[in-house]
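Structure file target.tsv; described as TSV, C-alpha atoms.
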```tsv
chain	number	residue	atom	x	y	z
A	860	MET	CA	51.09	42.89	-39.67
A	861	LYS	CA	47.45	43.77	-40.31
A	862	ARG	CA	45.76	45.45	-37.36
A	863	LEU	CA	42.24	44.47	-36.26
A	864	THR	CA	39.64	47.22	-36.38
A	865	TYR	CA	37.58	47.98	-33.28
A	866	GLY	CA	34.49	46.42	-34.88
A	867	ARG	CA	36.34	43.23	-35.76
A	868	LYS	CA	37.81	43.06	-32.24
A	869	LEU	CA	34.34	43.46	-30.72
A	870	TYR	CA	32.91	40.79	-33.03
A	871	MET	CA	35.60	38.33	-31.97
A	872	VAL	CA	35.11	39.07	-28.27
A	873	VAL	CA	31.35	38.56	-28.56
A	874	ALA	CA	31.90	35.37	-30.54
A	875	PHE	CA	34.38	34.14	-27.94
A	876	ILE	CA	31.78	34.64	-25.19
A	877	VAL	CA	28.60	33.59	-26.99
A	878	LEU	CA	29.81	30.55	-28.96
A	879	PRO	CA	30.67	28.43	-25.88
A	880	LEU	CA	27.27	29.32	-24.40
A	881	LEU	CA	25.51	28.19	-27.58
A	882	LEU	CA	27.51	24.98	-27.64
A	883	ALA	CA	26.70	24.34	-23.99
A	884	ALA	CA	23.02	24.92	-24.68
A	885	CYS	CA	23.11	22.44	-27.54
A	886	SER	CA	24.94	19.88	-25.41
A	887	ASP	CA	22.21	20.14	-22.74
A	888	GLU	CA	19.50	19.08	-25.18
A	889	LYS	CA	18.18	15.71	-24.03
A	890	GLU	CA	17.61	12.79	-26.36
A	891	THR	CA	14.12	11.36	-26.74
A	892	ILE	CA	13.38	8.16	-24.81
A	893	ILE	CA	11.36	5.78	-26.99
A	894	PHE	CA	9.10	3.15	-25.43
A	895	GLY	CA	7.74	0.31	-27.56
A	896	HIS	CA	4.72	-1.94	-27.19
A	897	SER	CA	2.67	-4.36	-29.28
A	898	GLU	CA	0.29	-2.67	-31.69
A	899	GLY	CA	-3.40	-3.07	-31.03
A	900	SER	CA	-2.85	-3.04	-27.27
A	901	PHE	CA	-4.94	-0.89	-24.92
A	902	GLY	CA	-3.32	-2.42	-21.89
A	903	THR	CA	-0.79	-2.19	-19.13
A	904	VAL	CA	2.34	-1.86	-21.32
A	905	PRO	CA	1.40	1.43	-22.99
A	906	MET	CA	-0.03	2.65	-19.68
A	907	GLU	CA	3.23	1.86	-17.86
A	908	SER	CA	5.17	3.52	-20.69
A	909	GLU	CA	3.11	6.71	-20.46
A	910	VAL	CA	3.54	6.90	-16.68
A	911	ALA	CA	7.30	6.28	-16.94
A	912	GLY	CA	7.69	8.73	-19.81
A	913	PHE	CA	5.76	11.50	-18.05
A	914	ILE	CA	7.88	11.09	-14.92
A	915	ILE	CA	11.17	11.00	-16.83
A	916	GLU	CA	10.24	14.12	-18.82
A	917	SER	CA	8.90	16.03	-15.80
A	918	VAL	CA	11.84	15.24	-13.50
A	919	TRP	CA	14.87	15.02	-15.79
A	920	GLY	CA	13.75	16.76	-18.97
A	921	TYR	CA	13.99	13.90	-21.44
A	922	PRO	CA	11.22	14.03	-24.06
A	923	TYR	CA	9.58	10.68	-24.72
A	924	GLU	CA	7.54	8.77	-27.28
A	925	VAL	CA	5.39	5.67	-26.95
A	926	THR	CA	5.13	3.77	-30.21
A	927	ALA	CA	3.16	0.67	-31.21
A	928	MET	CA	4.66	-1.99	-33.45
A	929	THR	CA	4.53	-5.69	-34.18
A	930	THR	CA	6.33	-8.14	-31.91
A	931	PRO	CA	9.14	-8.83	-34.45
A	932	ALA	CA	9.57	-5.09	-34.94
A	933	TYR	CA	9.96	-4.20	-31.27
A	934	GLN	CA	12.29	-7.15	-30.75
A	935	ALA	CA	14.53	-6.00	-33.60
A	936	THR	CA	14.48	-2.31	-32.68
A	937	LEU	CA	15.09	-2.89	-28.96
A	938	ALA	CA	18.08	-5.08	-29.76
A	939	SER	CA	19.44	-2.50	-32.22
A	940	GLY	CA	18.87	0.46	-29.89
A	941	ASP	CA	16.31	2.18	-32.14
A	942	ILE	CA	13.87	2.00	-29.25
A	943	ASP	CA	14.96	2.23	-25.64
A	944	ALA	CA	12.56	0.32	-23.44
A	945	LEU	CA	9.87	-2.34	-23.31
A	946	MET	CA	8.02	-2.21	-20.02
A	947	GLU	CA	6.88	-5.85	-20.04
A	948	GLY	CA	9.28	-8.20	-21.79
A	949	TRP	CA	7.15	-11.38	-21.70
A	950	GLU	CA	10.43	-13.14	-22.38
A	951	GLN	CA	8.91	-16.50	-21.42
A	952	ASN	CA	6.96	-16.30	-24.70
A	953	ASN	CA	10.08	-15.46	-26.72
A	954	PRO	CA	12.93	-17.37	-25.02
A	955	GLU	CA	15.23	-17.79	-28.02
A	956	TRP	CA	15.18	-14.05	-28.86
A	957	TYR	CA	15.60	-13.10	-25.21
A	958	ASP	CA	18.46	-15.49	-24.41
A	959	LYS	CA	20.35	-14.56	-27.57
A	960	ASN	CA	20.16	-10.79	-27.02
A	961	ILE	CA	20.91	-10.96	-23.31
A	962	ALA	CA	23.96	-13.08	-24.08
A	963	ASN	CA	25.09	-10.69	-26.85
A	964	GLY	CA	24.66	-7.68	-24.58
A	965	ASN	CA	22.08	-6.05	-26.86
A	966	ILE	CA	19.44	-5.75	-24.15
A	967	GLU	CA	19.34	-5.60	-20.35
A	968	ASN	CA	16.77	-6.88	-17.87
A	969	LEU	CA	16.06	-4.19	-15.26
A	970	GLY	CA	13.85	-6.37	-13.08
A	971	PRO	CA	10.10	-6.72	-12.54
A	972	MET	CA	7.48	-4.20	-13.53
A	973	LEU	CA	4.76	-6.60	-12.33
A	974	GLU	CA	5.24	-9.49	-9.93
A	975	GLY	CA	3.69	-12.03	-12.29
A	976	GLY	CA	2.08	-12.23	-15.70
A	977	PRO	CA	-0.64	-14.89	-15.65
A	978	GLN	CA	-1.75	-16.18	-19.06
A	979	MET	CA	-4.54	-18.68	-19.21
A	980	TRP	CA	-7.26	-20.47	-21.16
A	981	ILE	CA	-10.69	-19.49	-19.89
A	982	ILE	CA	-14.43	-20.14	-20.10
A	983	PRO	CA	-17.17	-18.24	-18.26
A	984	GLN	CA	-17.78	-19.43	-14.71
A	985	TYR	CA	-21.43	-20.14	-15.57
A	986	VAL	CA	-20.34	-22.55	-18.33
A	987	HIS	CA	-18.14	-24.41	-15.87
A	988	ASP	CA	-20.98	-24.53	-13.33
A	989	GLU	CA	-23.61	-25.76	-15.80
A	990	PHE	CA	-21.62	-28.27	-17.81
A	991	GLY	CA	-18.90	-29.32	-15.37
A	992	ILE	CA	-16.07	-28.42	-17.74
A	993	GLU	CA	-12.92	-28.25	-15.64
A	994	SER	CA	-9.90	-29.28	-17.67
A	995	ILE	CA	-8.37	-29.50	-21.10
A	996	GLU	CA	-9.40	-33.16	-21.23
A	997	ASP	CA	-13.07	-32.19	-20.85
A	998	LEU	CA	-12.86	-30.09	-24.00
A	999	ALA	CA	-11.76	-33.02	-26.19
A	1000	ASP	CA	-15.35	-34.05	-26.89
A	1001	PRO	CA	-17.34	-33.17	-30.03
A	1002	GLU	CA	-20.47	-32.55	-27.96
A	1003	VAL	CA	-18.61	-30.11	-25.73
A	1004	ALA	CA	-17.09	-28.40	-28.78
A	1005	LYS	CA	-20.61	-27.72	-30.09
A	1006	LEU	CA	-21.20	-25.47	-27.08
A	1007	PHE	CA	-18.53	-23.12	-28.40
A	1008	ASN	CA	-19.97	-22.89	-31.90
A	1009	HIS	CA	-17.58	-21.46	-34.48
A	1010	PRO	CA	-19.18	-18.51	-36.34
A	1011	GLU	CA	-17.57	-19.40	-39.69
A	1012	GLU	CA	-16.66	-23.09	-39.67
A	1013	SER	CA	-19.30	-25.77	-39.19
A	1014	GLY	CA	-18.74	-28.83	-37.03
A	1015	VAL	CA	-16.06	-27.32	-34.78
A	1016	GLY	CA	-15.88	-25.07	-31.76
A	1017	ALA	CA	-14.23	-21.66	-31.67
A	1018	PHE	CA	-11.09	-20.93	-29.70
A	1019	TYR	CA	-10.46	-17.19	-29.38
A	1020	ASP	CA	-6.70	-17.01	-29.75
A	1021	CYS	CA	-4.15	-14.36	-28.87
A	1022	ILE	CA	-3.76	-11.34	-31.16
A	1023	ILE	CA	-2.39	-11.80	-34.69
A	1024	GLY	CA	1.37	-11.17	-34.69
A	1025	TRP	CA	1.87	-11.81	-30.98
A	1026	ASN	CA	3.93	-14.90	-30.22
A	1027	CYS	CA	1.24	-16.27	-27.89
A	1028	GLU	CA	-0.93	-16.80	-31.00
A	1029	LYS	CA	1.57	-19.36	-32.27
A	1030	ILE	CA	2.05	-20.83	-28.79
A	1031	ASN	CA	-1.69	-21.41	-28.40
A	1032	LYS	CA	-1.91	-23.15	-31.76
A	1033	ALA	CA	0.96	-25.43	-30.76
A	1034	LYS	CA	-0.83	-26.22	-27.51
A	1035	LEU	CA	-4.07	-27.02	-29.34
A	1036	ARG	CA	-2.15	-29.51	-31.51
A	1037	ALA	CA	-0.38	-31.06	-28.53
A	1038	TYR	CA	-3.64	-31.50	-26.60
A	1039	GLY	CA	-5.37	-32.93	-29.67
A	1040	LEU	CA	-7.90	-30.11	-29.55
A	1041	ASP	CA	-7.23	-28.95	-33.11
A	1042	GLU	CA	-9.60	-31.75	-34.15
A	1043	TYR	CA	-12.45	-30.08	-32.28
A	1044	TYR	CA	-11.66	-26.36	-32.32
A	1045	ALA	CA	-10.52	-23.83	-34.92
A	1046	PRO	CA	-8.71	-20.74	-33.63
A	1047	ILE	CA	-9.90	-17.20	-34.28
A	1048	ALA	CA	-7.06	-14.69	-33.93
A	1049	PRO	CA	-8.37	-11.10	-33.60
A	1050	GLY	CA	-6.44	-8.20	-35.04
A	1051	SER	CA	-6.20	-6.28	-31.78
A	1052	ALA	CA	-6.47	-6.65	-28.01
A	1053	GLY	CA	-9.69	-4.65	-28.18
A	1054	ALA	CA	-11.24	-7.11	-30.64
A	1055	LEU	CA	-10.32	-10.11	-28.48
A	1056	LYS	CA	-11.74	-8.43	-25.41
A	1057	ALA	CA	-14.93	-7.49	-27.24
A	1058	ALA	CA	-15.50	-11.08	-28.40
A	1059	LEU	CA	-15.08	-12.52	-24.91
A	1060	ALA	CA	-17.07	-9.77	-23.21
A	1061	ALA	CA	-19.93	-10.05	-25.71
A	1062	ALA	CA	-20.41	-13.72	-24.82
A	1063	GLN	CA	-20.48	-12.87	-21.12
A	1064	LEU	CA	-23.07	-10.15	-21.65
A	1065	LYS	CA	-25.29	-12.59	-23.57
A	1066	GLY	CA	-24.70	-15.46	-21.16
A	1067	GLU	CA	-23.30	-17.63	-23.97
A	1068	PRO	CA	-20.42	-20.13	-23.93
A	1069	VAL	CA	-17.04	-18.88	-25.08
A	1070	PHE	CA	-13.57	-20.43	-24.94
A	1071	GLY	CA	-10.34	-18.51	-25.35
A	1072	TYR	CA	-7.01	-17.16	-24.21
A	1073	TYR	CA	-6.50	-14.14	-21.98
A	1074	TRP	CA	-4.01	-12.68	-19.56
A	1075	SER	CA	-3.70	-10.51	-16.47
A	1076	PRO	CA	-3.51	-7.71	-15.44
A	1077	THR	CA	-6.46	-6.61	-17.56
A	1078	SER	CA	-9.80	-5.02	-16.86
A	1079	LEU	CA	-11.64	-7.95	-18.50
A	1080	MET	CA	-10.49	-10.41	-15.84
A	1081	GLY	CA	-11.90	-8.15	-13.15
A	1082	GLN	CA	-15.18	-7.31	-14.88
A	1083	TYR	CA	-16.56	-10.84	-15.28
A	1084	ASP	CA	-16.36	-14.21	-13.57
A	1085	TRP	CA	-14.07	-16.58	-15.44
A	1086	TYR	CA	-13.06	-20.18	-14.87
A	1087	ILE	CA	-9.41	-20.95	-15.61
A	1088	LEU	CA	-9.17	-24.33	-17.28
A	1089	GLU	CA	-6.90	-26.88	-15.66
A	1090	GLU	CA	-3.76	-27.78	-17.60
A	1091	PRO	CA	-0.64	-29.79	-16.75
A	1092	ALA	CA	1.76	-27.73	-14.66
A	1093	TRP	CA	4.52	-25.82	-16.42
A	1094	THR	CA	7.93	-27.43	-16.70
A	1095	GLN	CA	10.91	-26.32	-18.76
A	1096	GLU	CA	10.96	-29.63	-20.63
A	1097	CYS	CA	7.30	-29.22	-21.57
A	1098	TRP	CA	7.70	-25.58	-22.55
A	1099	ASP	CA	10.63	-26.37	-24.82
A	1100	GLU	CA	8.28	-28.67	-26.73
A	1101	VAL	CA	5.59	-25.98	-26.91
A	1102	ILE	CA	8.05	-23.38	-28.20
A	1103	LYS	CA	9.30	-25.84	-30.82
A	1104	GLY	CA	5.70	-26.21	-32.01
A	1105	ALA	CA	5.23	-22.45	-32.00
A	1106	GLU	CA	8.25	-22.01	-34.26
A	1107	ASP	CA	7.22	-24.83	-36.64
A	1108	GLU	CA	3.49	-25.08	-37.27
A	1109	THR	CA	3.90	-28.55	-38.79
A	1110	TYR	CA	5.35	-29.91	-35.53
A	1111	VAL	CA	3.09	-31.56	-32.97
A	1112	PRO	CA	4.63	-31.11	-29.49
A	1113	ALA	CA	4.99	-34.29	-27.49
A	1114	GLN	CA	3.38	-32.50	-24.54
A	1115	ALA	CA	1.88	-29.17	-23.56
A	1116	CYS	CA	1.28	-27.37	-20.29
A	1117	ALA	CA	0.07	-24.17	-18.69
A	1118	TYR	CA	1.89	-20.90	-19.19
A	1119	SER	CA	4.44	-20.09	-16.53
A	1120	ASN	CA	3.54	-17.34	-14.08
A	1121	LEU	CA	6.81	-15.44	-14.10
A	1122	PRO	CA	7.45	-11.77	-13.30
A	1123	LEU	CA	7.02	-9.31	-16.16
A	1124	ASN	CA	10.38	-7.63	-16.50
A	1125	LYS	CA	11.49	-4.30	-17.95
A	1126	LEU	CA	13.80	-4.77	-20.92
A	1127	VAL	CA	15.95	-1.92	-22.19
A	1128	SER	CA	18.45	-1.40	-24.95
A	1129	SER	CA	22.03	-1.71	-23.75
A	1130	GLY	CA	22.69	1.88	-24.84
A	1131	LEU	CA	20.12	3.46	-22.53
A	1132	GLU	CA	22.46	3.84	-19.55
A	1133	ASP	CA	24.84	6.05	-21.56
A	1134	LYS	CA	22.05	7.86	-23.39
A	1135	ALA	CA	19.99	8.74	-20.32
A	1136	PRO	CA	21.56	7.56	-17.05
A	1137	GLU	CA	18.83	9.11	-14.89
A	1138	ALA	CA	16.10	7.36	-16.87
A	1139	TYR	CA	18.03	4.09	-16.68
A	1140	GLU	CA	18.35	4.29	-12.89
A	1141	PHE	CA	14.71	5.32	-12.51
A	1142	LEU	CA	13.45	2.36	-14.56
A	1143	LYS	CA	15.43	0.00	-12.34
A	1144	LYS	CA	13.39	1.26	-9.37
A	1145	MET	CA	9.98	1.48	-11.04
A	1146	GLN	CA	7.61	-1.39	-10.18
A	1147	MET	CA	3.85	-0.95	-10.46
A	1148	GLY	CA	2.43	-4.25	-9.23
A	1149	LEU	CA	-0.41	-6.30	-10.68
A	1150	SER	CA	-3.27	-5.00	-8.57
A	1151	ARG	CA	-2.39	-1.32	-9.07
A	1152	ALA	CA	-1.95	-1.76	-12.83
A	1153	GLU	CA	-5.20	-3.71	-13.19
A	1154	SER	CA	-7.11	-1.20	-11.07
A	1155	THR	CA	-5.83	1.70	-13.20
A	1156	MET	CA	-6.92	-0.03	-16.40
A	1157	GLY	CA	-10.35	-0.71	-14.92
A	1158	TRP	CA	-10.68	2.96	-13.91
A	1159	ALA	CA	-9.75	4.11	-17.42
A	1160	GLU	CA	-12.43	1.85	-18.87
A	1161	ASP	CA	-15.05	3.07	-16.41
A	1162	GLN	CA	-14.22	6.62	-17.49
A	1163	ASP	CA	-14.66	5.60	-21.15
A	1164	ILE	CA	-11.14	6.80	-21.94
A	1165	LYS	CA	-10.32	5.80	-25.52
A	1166	GLU	CA	-6.59	6.59	-25.63
A	1167	ILE	CA	-4.17	5.27	-23.04
A	1168	SER	CA	-1.98	8.33	-23.65
A	1169	ASP	CA	-4.71	10.47	-22.05
A	1170	ILE	CA	-3.07	12.48	-19.24
A	1171	ARG	CA	-5.96	11.50	-16.96
A	1172	VAL	CA	-4.68	7.92	-16.85
A	1173	VAL	CA	-1.15	9.00	-15.88
A	1174	ALA	CA	-2.47	11.45	-13.30
A	1175	HIS	CA	-4.85	8.87	-11.84
A	1176	TYR	CA	-2.08	6.35	-11.28
A	1177	ILE	CA	0.35	8.84	-9.76
A	1178	ARG	CA	-2.21	10.51	-7.48
A	1179	THR	CA	-3.90	7.27	-6.43
A	1180	TYR	CA	-0.65	5.46	-5.66
A	1181	GLU	CA	1.55	8.32	-4.49
A	1182	ASP	CA	3.38	6.20	-1.91
A	1183	ASN	CA	4.32	3.69	-4.59
A	1184	VAL	CA	5.56	6.43	-6.94
A	1185	LYS	CA	7.46	8.21	-4.17
A	1186	SER	CA	9.41	5.01	-3.52
A	1187	TRP	CA	10.98	5.42	-6.97
A	1188	LEU	CA	12.07	9.05	-6.42
A	1189	THR	CA	13.97	11.32	-4.08
A	1190	GLY	CA	12.11	14.12	-2.30
A	1191	ASP	CA	13.33	16.74	-4.79
A	1192	GLU	CA	12.38	14.54	-7.72
A	1193	TRP	CA	8.88	13.99	-6.32
A	1194	LYS	CA	8.50	17.78	-5.92
A	1195	LYS	CA	9.24	18.28	-9.64
A	1196	LEU	CA	6.71	15.61	-10.58
A	1197	ASP	CA	4.10	17.00	-8.22
A	1198	ASP	CA	4.57	20.47	-9.69
A	1199	ALA	CA	4.27	19.13	-13.25
A	1200	LEU	CA	0.95	17.44	-12.46
A	1201	THR	CA	-0.33	20.50	-10.61
A	1202	ASP	CA	0.50	22.66	-13.62
A	1203	LYS	CA	-1.72	20.38	-15.70
A	1204	GLY	CA	-4.56	20.68	-13.23
A	1205	TYR	CA	-4.12	17.35	-11.39
```

Starting from the coordinates I provided, produce the structure as structure tokens.
Amino acid sequence: MKRLTYGRKLYMVVAFIVLPLLLAACSDEKETIIFGHSEGSFGTVPMESEVAGFIIESVWGYPYEVTAMTTPAYQATLASGDIDALMEGWEQNNPEWYDKNIANGNIENLGPMLEGGPQMWIIPQYVHDEFGIESIEDLADPEVAKLFNHPEESGVGAFYDCIIGWNCEKINKAKLRAYGLDEYYAPIAPGSAGALKAALAAAQLKGEPVFGYYWSPTSLMGQYDWYILEEPAWTQECWDEVIKGAEDETYVPAQACAYSNLPLNKLVSSGLEDKAPEAYEFLKKMQMGLSRAESTMGWAEDQDIKEISDIRVVAHYIRTYEDNVKSWLTGDEWKKLDDALTDKGY
């Protein structure tokens, strides 16, 4: 039997001690949590994702990414588990995708991030006051349509639609057809949330008429006075017709109605609980609220912050609404977060 030399014995002893430590260190490495949102959005979803990601990384050590993509892309990747979380599901705009993937167990609904997500068709308050335009019916008039002059198409008014690639763009077109307004208005779908906001804000600054779609919470709704046009109240029967028209642009819905004002829920991939149980439990507790989210976005704009990933936005929310954030965390967890912000000078 071959005897081990002293050097070989020592090597094996060291290996026996060190190898388990190395394996343990590797096993402690946390997986990256990936948040998705619609591309072109400088809004509450990326802001919520940055706040959540910073907290999850600071408290539990999971690195995070916030990535922009088209609506079909984030729907596919959330269902497949390639991204982990979508902070506002807007499932009322995508009911077929949502119902299918909830039923299949591909995604989970972790409850509200915001208590409601109003979407509406708007005109400036001064246009309502001067011309008495109150409802959808008032818009179905060629003389009224002339007020909202289309910059590229003669003889029709402009309707500033939702962003290209977002499902609300298709929904709005279906509603225009159902209301008979496609005869009087041609939609303009901007390529980003910033472009839509700029078009609506520019009209307000000039005191000109403008007609379009927008949503809350957003800084635009707080910066200017808007009149929300009256529409028939939401019903499931009506919305089924609208969604049918959104999915088939040749179909004219038998009726249309206002958007529902439902909570904006956090949707996560079904694999998140196993991948990062602390993050999963934290996201179940996290709820910002409309007024706090809208106020934070307004502050970021006032500060001329160009990137929502700017640490100042995260720090502003956490420091301004400490009681809200503390309600999501234990005392020890808050201490870790507080220390992380202090280390960054906030």

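Closest approach to Glu888 of chain A among A:Lys1134, A:Arg1178, A:Lys1032, A:Lys1103 is made by A:Lys1134 (distances from all atoms listed in the file).
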
*Looking at all atoms listed in the file, which of A:Gln1063, A:Asn1008, A:Asn952, A:Thr929 is the one that sits closest to His896 of chain A?*
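Smallest separation from His896 of chain A among the options: A:Thr929.
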
*Shortest interatomic distance to Tyr1176 of chain A - which of A:Gly1039, A:Gly1148, A:Gly1190, A:Gly1130, counting all atoms listed in the file*: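 For Tyr1176 of chain A, the nearest of the candidates is A:Gly1148.
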
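Taking atom CA of Gly1066 of chain A and atom CA of Lys1165 of chain A as endpoints, the distance between them is 26.0 Å.
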
Near segment 1054-1057 of chain A, counting all atoms listed in the file, which residues have an atom at most 10 Å away, once you skip same-chain residues fewer than 5 positions from it, shown as a PDB file with C-alpha atoms, in the frame of the given file?
```pdb
ATOM      1  CA  GLY A 899      -3.400  -3.070 -31.030  1.00  0.00           C
ATOM      2  CA  SER A 900      -2.850  -3.040 -27.270  1.00  0.00           C
ATOM      3  CA  TYR A1019     -10.460 -17.190 -29.380  1.00  0.00           C
ATOM      4  CA  ASP A1020      -6.700 -17.010 -29.750  1.00  0.00           C
ATOM      5  CA  CYS A1021      -4.150 -14.360 -28.870  1.00  0.00           C
ATOM      6  CA  ILE A1022      -3.760 -11.340 -31.160  1.00  0.00           C
ATOM      7  CA  ILE A1047      -9.900 -17.200 -34.280  1.00  0.00           C
ATOM      8  CA  ALA A1048      -7.060 -14.690 -33.930  1.00  0.00           C
ATOM      9  CA  PRO A1049      -8.370 -11.100 -33.600  1.00  0.00           C
ATOM     10  CA  ALA A1062     -20.410 -13.720 -24.820  1.00  0.00           C
ATOM     11  CA  GLN A1063     -20.480 -12.870 -21.120  1.00  0.00           C
ATOM     12  CA  GLY A1071     -10.340 -18.510 -25.350  1.00  0.00           C
ATOM     13  CA  TYR A1072      -7.010 -17.160 -24.210  1.00  0.00           C
ATOM     14  CA  TYR A1073      -6.500 -14.140 -21.980  1.00  0.00           C
ATOM     15  CA  THR A1077      -6.460  -6.610 -17.560  1.00  0.00           C
ATOM     16  CA  SER A1078      -9.800  -5.020 -16.860  1.00  0.00           C
ATOM     17  CA  LEU A1079     -11.640  -7.950 -18.500  1.00  0.00           C
ATOM     18  CA  MET A1080     -10.490 -10.410 -15.840  1.00  0.00           C
TER      19      MET A1080
END
```

_Close residues, Asp1099 of chain A itself excluded, 10 Å, only C-alpha atoms, min 6 positions apart in chain, as an MDAnalysis selection string_ = chainID A and resid 954 1105 1112 1114:1115

*Please, which residues are within 6 Å of (-8.7, -23.6, -19.6) by the file's coordinates, counting only C-alpha atoms, and could they come as a PyMOL selection string?*
chain A and resi 980-981+1087-1089

*Could you state the separation of atom CA of Glu1192 of chain A and atom CA of Met1145 of chain A in Å, given to one decimal place?*
13.7 Å

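By only C-alpha atoms, and with residues fewer than 2 positions from Glu1108 of chain A along its chain excluded, the set lying at most 8 Å from it is Lys1029, Lys1032, Ala1033, Gly1104, Ala1105, Glu1106, Tyr1110 and Val1111 of chain A.
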
*Go through A:Val1101, A:Ala999, A:Ala911, A:Ala1017 and flag the residue nearest Val925 of chain A, using all atoms listed in the file for the distances.*
A:Ala911

*Return the single residue from A:Ile995, A:Ala1113, A:Met1156, A:Val1015 that is closest to Ser1075 of chain A, with distances computed using all atoms listed in the file.*
A:Met1156

*When you draw a straight line from atom CA of Asp1107 of chain A to atom CA of Cys1027 of chain A, how long is it in Å?*
13.6 Å

Counting only C-alpha atoms, find residues at most 10 Å from (3.5, -12.1, -10.3) (file frame) and give them as a CSV table (one decimal) with C-alpha atoms, in the coordinates of the input.
```
chain,number,residue,atom,x,y,z
A,971,PRO,CA,10.1,-6.7,-12.5
A,972,MET,CA,7.5,-4.2,-13.5
A,973,LEU,CA,4.8,-6.6,-12.3
A,974,GLU,CA,5.2,-9.5,-9.9
A,975,GLY,CA,3.7,-12.0,-12.3
A,976,GLY,CA,2.1,-12.2,-15.7
A,977,PRO,CA,-0.6,-14.9,-15.6
A,1075,SER,CA,-3.7,-10.5,-16.5
A,1076,PRO,CA,-3.5,-7.7,-15.4
A,1120,ASN,CA,3.5,-17.3,-14.1
A,1121,LEU,CA,6.8,-15.4,-14.1
A,1122,PRO,CA,7.4,-11.8,-13.3
A,1123,LEU,CA,7.0,-9.3,-16.2
A,1148,GLY,CA,2.4,-4.2,-9.2
A,1149,LEU,CA,-0.4,-6.3,-10.7
A,1150,SER,CA,-3.3,-5.0,-8.6
```

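Distance annotation: of A:Asn968, A:Trp1085, A:Gly1053, A:Gly991, the residue with the minimal separation from Glu1160 of chain A is A:Gly1053; atom set is only C-alpha atoms.
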
*For Leu1035 of chain A, work out the shell of residues within 9 Å, counting all atoms listed in the file and skipping chain neighbours fewer than 5 positions away, then give it as a ChimeraX atom specification.*
/A:1030,1040-1042,1044,1046,1115
